[in-house]
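Text of final-v2.cif, listed as mmCIF, C-alpha atoms; chains and numbers go by the auth columns:
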data_final
loop_
_atom_site.group_PDB
_atom_site.id
_atom_site.type_symbol
_atom_site.label_atom_id
_atom_site.label_comp_id
_atom_site.label_asym_id
_atom_site.label_seq_id
_atom_site.Cartn_x
_atom_site.Cartn_y
_atom_site.Cartn_z
_atom_site.B_iso_or_equiv
_atom_site.auth_seq_id
_atom_site.auth_asym_id
ATOM 1 C CA MET A 1 0.000 0.000 0.000 0.00 1 A
ATOM 2 C CA ALA A 2 1.411 3.412 -0.950 0.00 2 A
ATOM 3 C CA SER A 3 2.271 5.770 1.884 0.00 3 A
ATOM 4 C CA LEU A 4 0.709 9.205 2.094 0.00 4 A
ATOM 5 C CA LEU A 5 4.053 10.680 1.070 0.00 5 A
ATOM 6 C CA GLN A 6 4.148 8.603 -2.094 0.00 6 A
ATOM 7 C CA ILE A 7 0.692 9.714 -3.185 0.00 7 A
ATOM 8 C CA ALA A 8 1.039 13.321 -2.039 0.00 8 A
ATOM 9 C CA THR A 9 0.846 15.946 -4.719 0.00 9 A
ATOM 10 C CA GLY A 10 2.304 18.691 -2.543 0.00 10 A
ATOM 11 C CA MET A 11 5.755 20.157 -2.291 0.00 11 A
ATOM 12 C CA THR A 12 7.171 17.457 -0.011 0.00 12 A
ATOM 13 C CA THR A 13 7.365 14.457 -2.336 0.00 13 A
ATOM 14 C CA HIS A 14 11.133 14.883 -2.791 0.00 14 A
ATOM 15 C CA ILE A 15 11.810 14.566 0.942 0.00 15 A
ATOM 16 C CA LYS A 16 13.233 11.128 1.740 0.00 16 A
ATOM 17 C CA THR A 17 13.864 11.500 5.469 0.00 17 A
ATOM 18 C CA ILE A 18 13.013 13.961 8.204 0.00 18 A
ATOM 19 C CA TYR A 19 15.293 13.932 11.227 0.00 19 A
ATOM 20 C CA THR A 20 14.356 15.044 14.723 0.00 20 A
ATOM 21 C CA PRO A 21 16.543 15.171 17.843 0.00 21 A
ATOM 22 C CA GLU A 22 16.486 11.997 19.929 0.00 22 A
ATOM 23 C CA LYS A 23 15.602 13.354 23.363 0.00 23 A
ATOM 24 C CA SER A 24 13.148 16.164 22.904 0.00 24 A
ATOM 25 C CA ALA A 25 9.461 16.497 23.789 0.00 25 A
ATOM 26 C CA PHE A 26 8.993 18.812 20.797 0.00 26 A
ATOM 27 C CA ALA A 27 10.675 16.303 18.505 0.00 27 A
ATOM 28 C CA ALA A 28 8.653 13.379 19.866 0.00 28 A
ATOM 29 C CA ASP A 29 5.423 15.238 19.122 0.00 29 A
ATOM 30 C CA MET A 30 6.603 16.181 15.614 0.00 30 A
ATOM 31 C CA ARG A 31 7.914 12.677 14.970 0.00 31 A
ATOM 32 C CA ASN A 32 4.542 11.090 15.746 0.00 32 A
ATOM 33 C CA TRP A 33 2.692 13.564 13.561 0.00 33 A
ATOM 34 C CA LEU A 34 5.109 13.187 10.629 0.00 34 A
ATOM 35 C CA VAL A 35 5.054 9.375 10.786 0.00 35 A
ATOM 36 C CA ASP A 36 1.249 9.504 10.758 0.00 36 A
ATOM 37 C CA ARG A 37 1.522 11.539 7.541 0.00 37 A
ATOM 38 C CA GLY A 38 3.671 8.893 5.845 0.00 38 A
ATOM 39 C CA PHE A 39 7.127 10.415 6.239 0.00 39 A
ATOM 40 C CA THR A 40 10.222 8.418 7.084 0.00 40 A
ATOM 41 C CA VAL A 41 11.431 9.927 10.350 0.00 41 A
ATOM 42 C CA GLU A 42 14.746 9.105 11.989 0.00 42 A
ATOM 43 C CA SER A 43 16.487 10.276 15.120 0.00 43 A
ATOM 44 C CA PHE A 44 19.156 12.903 14.649 0.00 44 A
ATOM 45 C CA ASP A 45 22.128 11.631 16.636 0.00 45 A
ATOM 46 C CA GLU A 46 24.615 14.373 15.636 0.00 46 A
ATOM 47 C CA SER A 47 27.072 11.902 14.116 0.00 47 A
ATOM 48 C CA MET A 48 29.125 13.345 11.257 0.00 48 A
ATOM 49 C CA ASP A 49 27.542 10.867 8.840 0.00 49 A
ATOM 50 C CA VAL A 50 24.074 12.209 9.607 0.00 50 A
ATOM 51 C CA VAL A 51 25.225 15.849 9.814 0.00 51 A
ATOM 52 C CA GLU A 52 26.714 15.563 6.320 0.00 52 A
ATOM 53 C CA ARG A 53 23.498 14.018 4.986 0.00 53 A
ATOM 54 C CA ILE A 54 21.268 16.914 6.122 0.00 54 A
ATOM 55 C CA ASP A 55 20.559 19.281 3.240 0.00 55 A
ATOM 56 C CA ALA A 56 17.956 21.501 4.928 0.00 56 A
ATOM 57 C CA VAL A 57 17.023 22.594 8.438 0.00 57 A
ATOM 58 C CA VAL A 58 13.615 23.830 9.611 0.00 58 A
ATOM 59 C CA ILE A 59 13.639 25.592 12.974 0.00 59 A
ATOM 60 C CA PHE A 60 10.414 26.259 14.850 0.00 60 A
ATOM 61 C CA HIS A 61 10.721 29.113 17.343 0.00 61 A
ATOM 62 C CA GLU A 62 8.796 31.792 19.161 0.00 62 A
ATOM 63 C CA ASN A 63 10.009 35.386 18.725 0.00 63 A
ATOM 64 C CA HIS A 64 13.499 34.170 17.788 0.00 64 A
ATOM 65 C CA ASN A 65 13.991 32.517 21.171 0.00 65 A
ATOM 66 C CA PHE A 66 16.034 29.344 20.793 0.00 66 A
ATOM 67 C CA ASP A 67 17.101 26.751 23.364 0.00 67 A
ATOM 68 C CA LYS A 68 20.869 26.547 23.737 0.00 68 A
ATOM 69 C CA HIS A 69 21.024 23.220 21.905 0.00 69 A
ATOM 70 C CA VAL A 70 18.841 24.452 19.037 0.00 70 A
ATOM 71 C CA ALA A 71 21.032 27.575 18.723 0.00 71 A
ATOM 72 C CA GLU A 72 24.172 25.416 18.636 0.00 72 A
ATOM 73 C CA LEU A 73 22.730 23.216 15.882 0.00 73 A
ATOM 74 C CA ARG A 74 21.552 26.294 13.977 0.00 74 A
ATOM 75 C CA ASP A 75 25.100 27.668 14.107 0.00 75 A
ATOM 76 C CA LEU A 76 26.611 24.329 13.050 0.00 76 A
ATOM 77 C CA PHE A 77 24.421 24.058 9.959 0.00 77 A
ATOM 78 C CA ASP A 78 24.796 27.751 9.189 0.00 78 A
ATOM 79 C CA LYS A 79 28.586 27.295 9.074 0.00 79 A
ATOM 80 C CA ARG A 80 28.086 24.305 6.756 0.00 80 A
ATOM 81 C CA GLN A 81 25.901 26.554 4.533 0.00 81 A
ATOM 82 C CA VAL A 82 22.916 24.234 4.731 0.00 82 A
ATOM 83 C CA ALA A 83 19.595 25.694 3.566 0.00 83 A
ATOM 84 C CA MET A 84 17.677 26.868 6.622 0.00 84 A
ATOM 85 C CA HIS A 85 14.126 28.030 7.240 0.00 85 A
ATOM 86 C CA LYS A 86 12.746 29.434 10.487 0.00 86 A
ATOM 87 C CA ILE A 87 9.082 29.307 11.448 0.00 87 A
ATOM 88 C CA ASP A 88 8.029 31.866 14.062 0.00 88 A
ATOM 89 C CA MET A 89 5.131 30.322 15.956 0.00 89 A
ATOM 90 C CA SER A 90 4.136 33.779 17.241 0.00 90 A
ATOM 91 C CA GLY A 91 3.537 34.949 13.675 0.00 91 A
ATOM 92 C CA THR A 92 0.755 34.393 11.171 0.00 92 A
ATOM 93 C CA MET A 93 0.389 30.694 10.334 0.00 93 A
ATOM 94 C CA ASN A 94 -0.764 31.269 6.755 0.00 94 A
ATOM 95 C CA VAL A 95 2.427 33.233 6.037 0.00 95 A
ATOM 96 C CA ALA A 96 4.620 30.685 7.838 0.00 96 A
ATOM 97 C CA ILE A 97 3.109 27.775 5.914 0.00 97 A
ATOM 98 C CA SER A 98 3.319 29.584 2.589 0.00 98 A
ATOM 99 C CA HIS A 99 6.993 30.411 3.158 0.00 99 A
ATOM 100 C CA LEU A 100 7.753 26.836 4.221 0.00 100 A
ATOM 101 C CA SER A 101 6.125 25.526 1.054 0.00 101 A
ATOM 102 C CA LEU A 102 8.242 27.889 -1.043 0.00 102 A
ATOM 103 C CA PHE A 103 11.371 26.856 0.878 0.00 103 A
ATOM 104 C CA PHE A 104 10.770 23.167 0.139 0.00 104 A
ATOM 105 C CA GLU A 105 9.928 23.888 -3.482 0.00 105 A
ATOM 106 C CA ARG A 106 13.051 26.005 -3.945 0.00 106 A
ATOM 107 C CA THR A 107 15.541 23.713 -2.178 0.00 107 A
ATOM 108 C CA GLN A 108 14.193 20.321 -3.329 0.00 108 A
ATOM 109 C CA CYS A 109 15.830 18.959 -0.168 0.00 109 A
ATOM 110 C CA THR A 110 15.825 15.246 0.588 0.00 110 A
ATOM 111 C CA HIS A 111 17.098 14.996 4.194 0.00 111 A
ATOM 112 C CA VAL A 112 15.575 17.613 6.497 0.00 112 A
ATOM 113 C CA LEU A 113 16.244 18.284 10.170 0.00 113 A
ATOM 114 C CA PHE A 114 13.298 19.659 12.186 0.00 114 A
ATOM 115 C CA LEU A 115 14.288 21.534 15.349 0.00 115 A
ATOM 116 C CA GLY A 116 12.292 23.338 18.012 0.00 116 A
ATOM 117 C CA SER A 117 12.481 24.415 21.611 0.00 117 A
ATOM 118 C CA GLU A 118 10.839 22.207 24.209 0.00 118 A
ATOM 119 C CA GLY A 119 8.160 24.772 25.082 0.00 119 A
ATOM 120 C CA LEU A 120 6.766 24.726 21.565 0.00 120 A
ATOM 121 C CA LYS A 121 5.267 21.279 22.030 0.00 121 A
ATOM 122 C CA ASP A 122 2.387 22.854 23.966 0.00 122 A
ATOM 123 C CA ASN A 123 2.100 25.977 21.832 0.00 123 A
ATOM 124 C CA PRO A 124 -1.511 26.207 20.586 0.00 124 A
ATOM 125 C CA LYS A 125 -0.299 27.326 17.168 0.00 125 A
ATOM 126 C CA MET A 126 1.491 23.993 16.671 0.00 126 A
ATOM 127 C CA GLU A 127 -1.877 22.305 16.261 0.00 127 A
ATOM 128 C CA LEU A 128 -2.971 25.040 13.854 0.00 128 A
ATOM 129 C CA PHE A 129 0.261 24.543 11.895 0.00 129 A
ATOM 130 C CA LYS A 130 -0.370 20.794 11.665 0.00 130 A
ATOM 131 C CA GLU A 131 -3.943 21.340 10.514 0.00 131 A
ATOM 132 C CA LYS A 132 -3.097 23.883 7.837 0.00 132 A
ATOM 133 C CA TRP A 133 0.145 22.535 6.404 0.00 133 A
ATOM 134 C CA ASN A 134 -0.869 20.727 3.225 0.00 134 A
ATOM 135 C CA LEU A 135 1.691 17.950 3.006 0.00 135 A
#

Encoding of this model in structure tokens:
Amino acid sequence: MASLLQIATGMTTHIKTIYTPEKSAFAADMRNWLVDRGFTVESFDESMDVVERIDAVVIFHENHNFDKHVAELRDLFDKRQVAMHKIDMSGTMNVAISHLSLFFERTQCTHVLFLGSEGLKDNPKMELFKEKWNL
């Protein structure tokens, strides 16, 4: 049976794997949601093999506030010149989703790292994001 990803007509069909940090409440919530949508999701263990495989990073944040670990990973991938997109959960969801769609369309990335601060797991706009993002 074809997965949702395989039959999707949206901008995410080129994505092979989405990575999320291993020990993160935000990541666990995202991981479950993404798996339910048919994506292959793996734990990001920060090994050089995995770091080199990542070709795009999506960072969820609120007013540009980042946990220390998220900021460190942002800086690491910025130095490696990996395509990066930030989604401000305090902003307008329609704009955030539109920009994310354009980011995926433009980069045609295949191995994406999703990052977010722990507090975002309970952010009410996360549910709105999940509802509105047309995978």

Counting all atoms listed in the file, what is within 12 Å of Gln81 in chain A, bar same-chain residues fewer than 2 positions away, as a short mmCIF file (atom, residue, chain, number, x, y, z; two decimals) with C-alpha atoms, in the coordinates of the input?
data_model
loop_
_atom_site.label_atom_id
_atom_site.label_comp_id
_atom_site.auth_asym_id
_atom_site.auth_seq_id
_atom_site.Cartn_x
_atom_site.Cartn_y
_atom_site.Cartn_z
CA VAL A 51 25.22 15.85 9.81
CA GLU A 52 26.71 15.56 6.32
CA ILE A 54 21.27 16.91 6.12
CA ASP A 55 20.56 19.28 3.24
CA ALA A 56 17.96 21.50 4.93
CA VAL A 57 17.02 22.59 8.44
CA ARG A 74 21.55 26.29 13.98
CA ASP A 75 25.10 27.67 14.11
CA LEU A 76 26.61 24.33 13.05
CA PHE A 77 24.42 24.06 9.96
CA ASP A 78 24.80 27.75 9.19
CA LYS A 79 28.59 27.30 9.07
CA ALA A 83 19.60 25.69 3.57
CA MET A 84 17.68 26.87 6.62
#

Checklist entry - When the PyMOL selection byres ((chain A and resi 27) around 10) is applied to the file above, which residues end up in the set, as a list in words? => result Tyr19, Thr20, Pro21, Glu22, Lys23, Ser24, Ala25, Phe26, Ala28, Asp29, Met30, Arg31, Asn32, Trp33, Ser43, Phe44, Phe114, Leu115, Gly116, Ser117, Glu118, Leu120 and Lys121 of chain A

Generate the output file for the selected residues, C-alpha atoms, as a PDB file, keeping the file's coordinate frame.
ATOM      1  CA  TYR A  19      15.293  13.932  11.227  1.00  0.00           C
ATOM      2  CA  THR A  20      14.356  15.044  14.723  1.00  0.00           C
ATOM      3  CA  PRO A  21      16.543  15.171  17.843  1.00  0.00           C
ATOM      4  CA  GLU A  22      16.486  11.997  19.929  1.00  0.00           C
ATOM      5  CA  LYS A  23      15.602  13.354  23.363  1.00  0.00           C
ATOM      6  CA  SER A  24      13.148  16.164  22.904  1.00  0.00           C
ATOM      7  CA  ALA A  25       9.461  16.497  23.789  1.00  0.00           C
ATOM      8  CA  PHE A  26       8.993  18.812  20.797  1.00  0.00           C
ATOM      9  CA  ALA A  28       8.653  13.379  19.866  1.00  0.00           C
ATOM     10  CA  ASP A  29       5.423  15.238  19.122  1.00  0.00           C
ATOM     11  CA  MET A  30       6.603  16.181  15.614  1.00  0.00           C
ATOM     12  CA  ARG A  31       7.914  12.677  14.970  1.00  0.00           C
ATOM     13  CA  ASN A  32       4.542  11.090  15.746  1.00  0.00           C
ATOM     14  CA  TRP A  33       2.692  13.564  13.561  1.00  0.00           C
ATOM     15  CA  SER A  43      16.487  10.276  15.120  1.00  0.00           C
ATOM     16  CA  PHE A  44      19.156  12.903  14.649  1.00  0.00           C
ATOM     17  CA  PHE A 114      13.298  19.659  12.186  1.00  0.00           C
ATOM     18  CA  LEU A 115      14.288  21.534  15.349  1.00  0.00           C
ATOM     19  CA  GLY A 116      12.292  23.338  18.012  1.00  0.00           C
ATOM     20  CA  SER A 117      12.481  24.415  21.611  1.00  0.00           C
ATOM     21  CA  GLU A 118      10.839  22.207  24.209  1.00  0.00           C
ATOM     22  CA  LEU A 120       6.766  24.726  21.565  1.00  0.00           C
ATOM     23  CA  LYS A 121       5.267  21.279  22.030  1.00  0.00           C
TER      24      LYS A 121
END

Next on the checklist: When the PyMOL selection byres ((chain A and resi 126) around 12) is applied to the structure above, which residues does it catch, written out as number ranges by chain?
Outcome noted: A: 26, 29-30, 33, 60-62, 87-93, 96-97, 116, 119-125, 127-133

Checklist entry - Could you state the separation of CA of Val82 in chain A and CA of Ser101 in chain A in Å, given to one decimal place? => result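 That distance, rounded to one decimal, is 17.2 Å.
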
Checklist entry - When you draw a straight line from CA of His69 in chain A to CA of Val112 in chain A, how long is it in Å? => result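 If I compute the distance from CA of His69 in chain A to CA of Val112 in chain A, I get 17.3 Å.
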
Checklist entry - Which is closest to Thr12 in chain A among A:Asp67, A:Leu102, A:Arg53, A:His85, if we use all atoms listed in the file? => result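 Closest to Thr12 in chain A, using all atoms listed in the file: A:Leu102.
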
Next on the checklist: One number please: CA of Gly38 in chain A to CA of Arg106 in chain A, in Å, one decimal.
Outcome noted: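 It comes out at 21.8 Å.
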
Item to check | Residue nearest Gln108 in chain A - candidates A:Asn94, A:Ser47, A:Thr13, A:Asn65, atoms counted: all atoms listed in the file | outcome: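 For Gln108 in chain A, the nearest of the given residues is A:Thr13.
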
Item to check | Top pick for closest residue to Thr17 in chain A, considering A:Asp45, A:Glu105, A:Phe39, A:Ile59 and counting all atoms listed in the file | outcome: A:Phe39

Please, could N, CA and C atoms be added to range 28-62 of chain A and the result written as a PDB file, in the coordinates of the input?
ATOM      1  N   ALA A  28       9.507  14.558  19.741  1.00  0.00           N
ATOM      2  CA  ALA A  28       8.653  13.379  19.866  1.00  0.00           C
ATOM      3  C   ALA A  28       7.260  13.666  19.311  1.00  0.00           C
ATOM      4  N   ASP A  29       6.735  14.839  19.620  1.00  0.00           N
ATOM      5  CA  ASP A  29       5.423  15.238  19.122  1.00  0.00           C
ATOM      6  C   ASP A  29       5.448  15.370  17.596  1.00  0.00           C
ATOM      7  N   MET A  30       6.472  16.024  17.065  1.00  0.00           N
ATOM      8  CA  MET A  30       6.603  16.181  15.614  1.00  0.00           C
ATOM      9  C   MET A  30       6.791  14.830  14.937  1.00  0.00           C
ATOM     10  N   ARG A  31       7.612  13.997  15.537  1.00  0.00           N
ATOM     11  CA  ARG A  31       7.914  12.677  14.970  1.00  0.00           C
ATOM     12  C   ARG A  31       6.621  11.872  14.790  1.00  0.00           C
ATOM     13  N   ASN A  32       5.806  11.837  15.823  1.00  0.00           N
ATOM     14  CA  ASN A  32       4.542  11.090  15.746  1.00  0.00           C
ATOM     15  C   ASN A  32       3.641  11.634  14.642  1.00  0.00           C
ATOM     16  N   TRP A  33       3.543  12.933  14.569  1.00  0.00           N
ATOM     17  CA  TRP A  33       2.692  13.564  13.561  1.00  0.00           C
ATOM     18  C   TRP A  33       3.210  13.284  12.154  1.00  0.00           C
ATOM     19  N   LEU A  34       4.523  13.414  11.951  1.00  0.00           N
ATOM     20  CA  LEU A  34       5.109  13.187  10.629  1.00  0.00           C
ATOM     21  C   LEU A  34       4.988  11.729  10.188  1.00  0.00           C
ATOM     22  N   VAL A  35       5.203  10.799  11.105  1.00  0.00           N
ATOM     23  CA  VAL A  35       5.054   9.375  10.786  1.00  0.00           C
ATOM     24  C   VAL A  35       3.606   9.091  10.380  1.00  0.00           C
ATOM     25  N   ASP A  36       2.664   9.681  11.104  1.00  0.00           N
ATOM     26  CA  ASP A  36       1.249   9.504  10.758  1.00  0.00           C
ATOM     27  C   ASP A  36       0.933  10.025   9.360  1.00  0.00           C
ATOM     28  N   ARG A  37       1.724  10.963   8.875  1.00  0.00           N
ATOM     29  CA  ARG A  37       1.522  11.539   7.541  1.00  0.00           C
ATOM     30  C   ARG A  37       2.296  10.788   6.465  1.00  0.00           C
ATOM     31  N   GLY A  38       2.997   9.716   6.839  1.00  0.00           N
ATOM     32  CA  GLY A  38       3.671   8.893   5.845  1.00  0.00           C
ATOM     33  C   GLY A  38       5.142   9.194   5.625  1.00  0.00           C
ATOM     34  N   PHE A  39       5.710  10.095   6.400  1.00  0.00           N
ATOM     35  CA  PHE A  39       7.127  10.415   6.239  1.00  0.00           C
ATOM     36  C   PHE A  39       8.001   9.376   6.928  1.00  0.00           C
ATOM     37  N   THR A  40       9.193   9.195   6.400  1.00  0.00           N
ATOM     38  CA  THR A  40      10.222   8.418   7.084  1.00  0.00           C
ATOM     39  C   THR A  40      10.901   9.372   8.044  1.00  0.00           C
ATOM     40  N   VAL A  41      10.860   9.060   9.327  1.00  0.00           N
ATOM     41  CA  VAL A  41      11.431   9.927  10.350  1.00  0.00           C
ATOM     42  C   VAL A  41      12.483   9.139  11.116  1.00  0.00           C
ATOM     43  N   GLU A  42      13.657   9.733  11.250  1.00  0.00           N
ATOM     44  CA  GLU A  42      14.746   9.105  11.989  1.00  0.00           C
ATOM     45  C   GLU A  42      15.256  10.050  13.052  1.00  0.00           C
ATOM     46  N   SER A  43      15.892   9.468  14.062  1.00  0.00           N
ATOM     47  CA  SER A  43      16.487  10.276  15.120  1.00  0.00           C
ATOM     48  C   SER A  43      17.772  10.916  14.624  1.00  0.00           C
ATOM     49  N   PHE A  44      17.940  12.169  14.979  1.00  0.00           N
ATOM     50  CA  PHE A  44      19.156  12.903  14.649  1.00  0.00           C
ATOM     51  C   PHE A  44      20.123  12.711  15.808  1.00  0.00           C
ATOM     52  N   ASP A  45      21.199  11.965  15.557  1.00  0.00           N
ATOM     53  CA  ASP A  45      22.128  11.631  16.636  1.00  0.00           C
ATOM     54  C   ASP A  45      23.400  12.474  16.630  1.00  0.00           C
ATOM     55  N   GLU A  46      23.494  13.439  15.737  1.00  0.00           N
ATOM     56  CA  GLU A  46      24.615  14.373  15.636  1.00  0.00           C
ATOM     57  C   GLU A  46      25.924  13.723  15.187  1.00  0.00           C
ATOM     58  N   SER A  47      25.865  12.508  14.671  1.00  0.00           N
ATOM     59  CA  SER A  47      27.072  11.902  14.116  1.00  0.00           C
ATOM     60  C   SER A  47      27.425  12.634  12.820  1.00  0.00           C
ATOM     61  N   MET A  48      28.695  12.633  12.460  1.00  0.00           N
ATOM     62  CA  MET A  48      29.125  13.345  11.257  1.00  0.00           C
ATOM     63  C   MET A  48      28.457  12.784   9.999  1.00  0.00           C
ATOM     64  N   ASP A  49      28.210  11.486   9.975  1.00  0.00           N
ATOM     65  CA  ASP A  49      27.542  10.867   8.840  1.00  0.00           C
ATOM     66  C   ASP A  49      26.163  11.494   8.626  1.00  0.00           C
ATOM     67  N   VAL A  50      25.417  11.635   9.700  1.00  0.00           N
ATOM     68  CA  VAL A  50      24.074  12.209   9.607  1.00  0.00           C
ATOM     69  C   VAL A  50      24.158  13.712   9.342  1.00  0.00           C
ATOM     70  N   VAL A  51      25.062  14.403  10.019  1.00  0.00           N
ATOM     71  CA  VAL A  51      25.225  15.849   9.814  1.00  0.00           C
ATOM     72  C   VAL A  51      25.513  16.142   8.339  1.00  0.00           C
ATOM     73  N   GLU A  52      26.369  15.353   7.729  1.00  0.00           N
ATOM     74  CA  GLU A  52      26.714  15.563   6.320  1.00  0.00           C
ATOM     75  C   GLU A  52      25.555  15.248   5.377  1.00  0.00           C
ATOM     76  N   ARG A  53      24.647  14.398   5.815  1.00  0.00           N
ATOM     77  CA  ARG A  53      23.498  14.018   4.986  1.00  0.00           C
ATOM     78  C   ARG A  53      22.420  15.110   4.960  1.00  0.00           C
ATOM     79  N   ILE A  54      22.313  15.887   6.018  1.00  0.00           N
ATOM     80  CA  ILE A  54      21.268  16.914   6.122  1.00  0.00           C
ATOM     81  C   ILE A  54      21.483  17.981   5.050  1.00  0.00           C
ATOM     82  N   ASP A  55      20.442  18.232   4.248  1.00  0.00           N
ATOM     83  CA  ASP A  55      20.559  19.281   3.240  1.00  0.00           C
ATOM     84  C   ASP A  55      19.582  20.431   3.460  1.00  0.00           C
ATOM     85  N   ALA A  56      18.828  20.380   4.560  1.00  0.00           N
ATOM     86  CA  ALA A  56      17.956  21.501   4.928  1.00  0.00           C
ATOM     87  C   ALA A  56      17.592  21.380   6.410  1.00  0.00           C
ATOM     88  N   VAL A  57      17.400  22.539   7.027  1.00  0.00           N
ATOM     89  CA  VAL A  57      17.023  22.594   8.438  1.00  0.00           C
ATOM     90  C   VAL A  57      15.800  23.497   8.562  1.00  0.00           C
ATOM     91  N   VAL A  58      14.797  23.022   9.309  1.00  0.00           N
ATOM     92  CA  VAL A  58      13.615  23.830   9.611  1.00  0.00           C
ATOM     93  C   VAL A  58      13.592  24.017  11.122  1.00  0.00           C
ATOM     94  N   ILE A  59      13.612  25.284  11.542  1.00  0.00           N
ATOM     95  CA  ILE A  59      13.639  25.592  12.974  1.00  0.00           C
ATOM     96  C   ILE A  59      12.337  26.284  13.360  1.00  0.00           C
ATOM     97  N   PHE A  60      11.620  25.673  14.277  1.00  0.00           N
ATOM     98  CA  PHE A  60      10.414  26.259  14.850  1.00  0.00           C
ATOM     99  C   PHE A  60      10.834  27.054  16.082  1.00  0.00           C
ATOM    100  N   HIS A  61      10.337  28.275  16.201  1.00  0.00           N
ATOM    101  CA  HIS A  61      10.721  29.113  17.343  1.00  0.00           C
ATOM    102  C   HIS A  61       9.587  30.075  17.673  1.00  0.00           C
ATOM    103  N   GLU A  62       9.756  30.779  18.760  1.00  0.00           N
ATOM    104  CA  GLU A  62       8.796  31.792  19.161  1.00  0.00           C
ATOM    105  C   GLU A  62       9.567  33.076  19.431  1.00  0.00           C
TER     106      GLU A  62
END
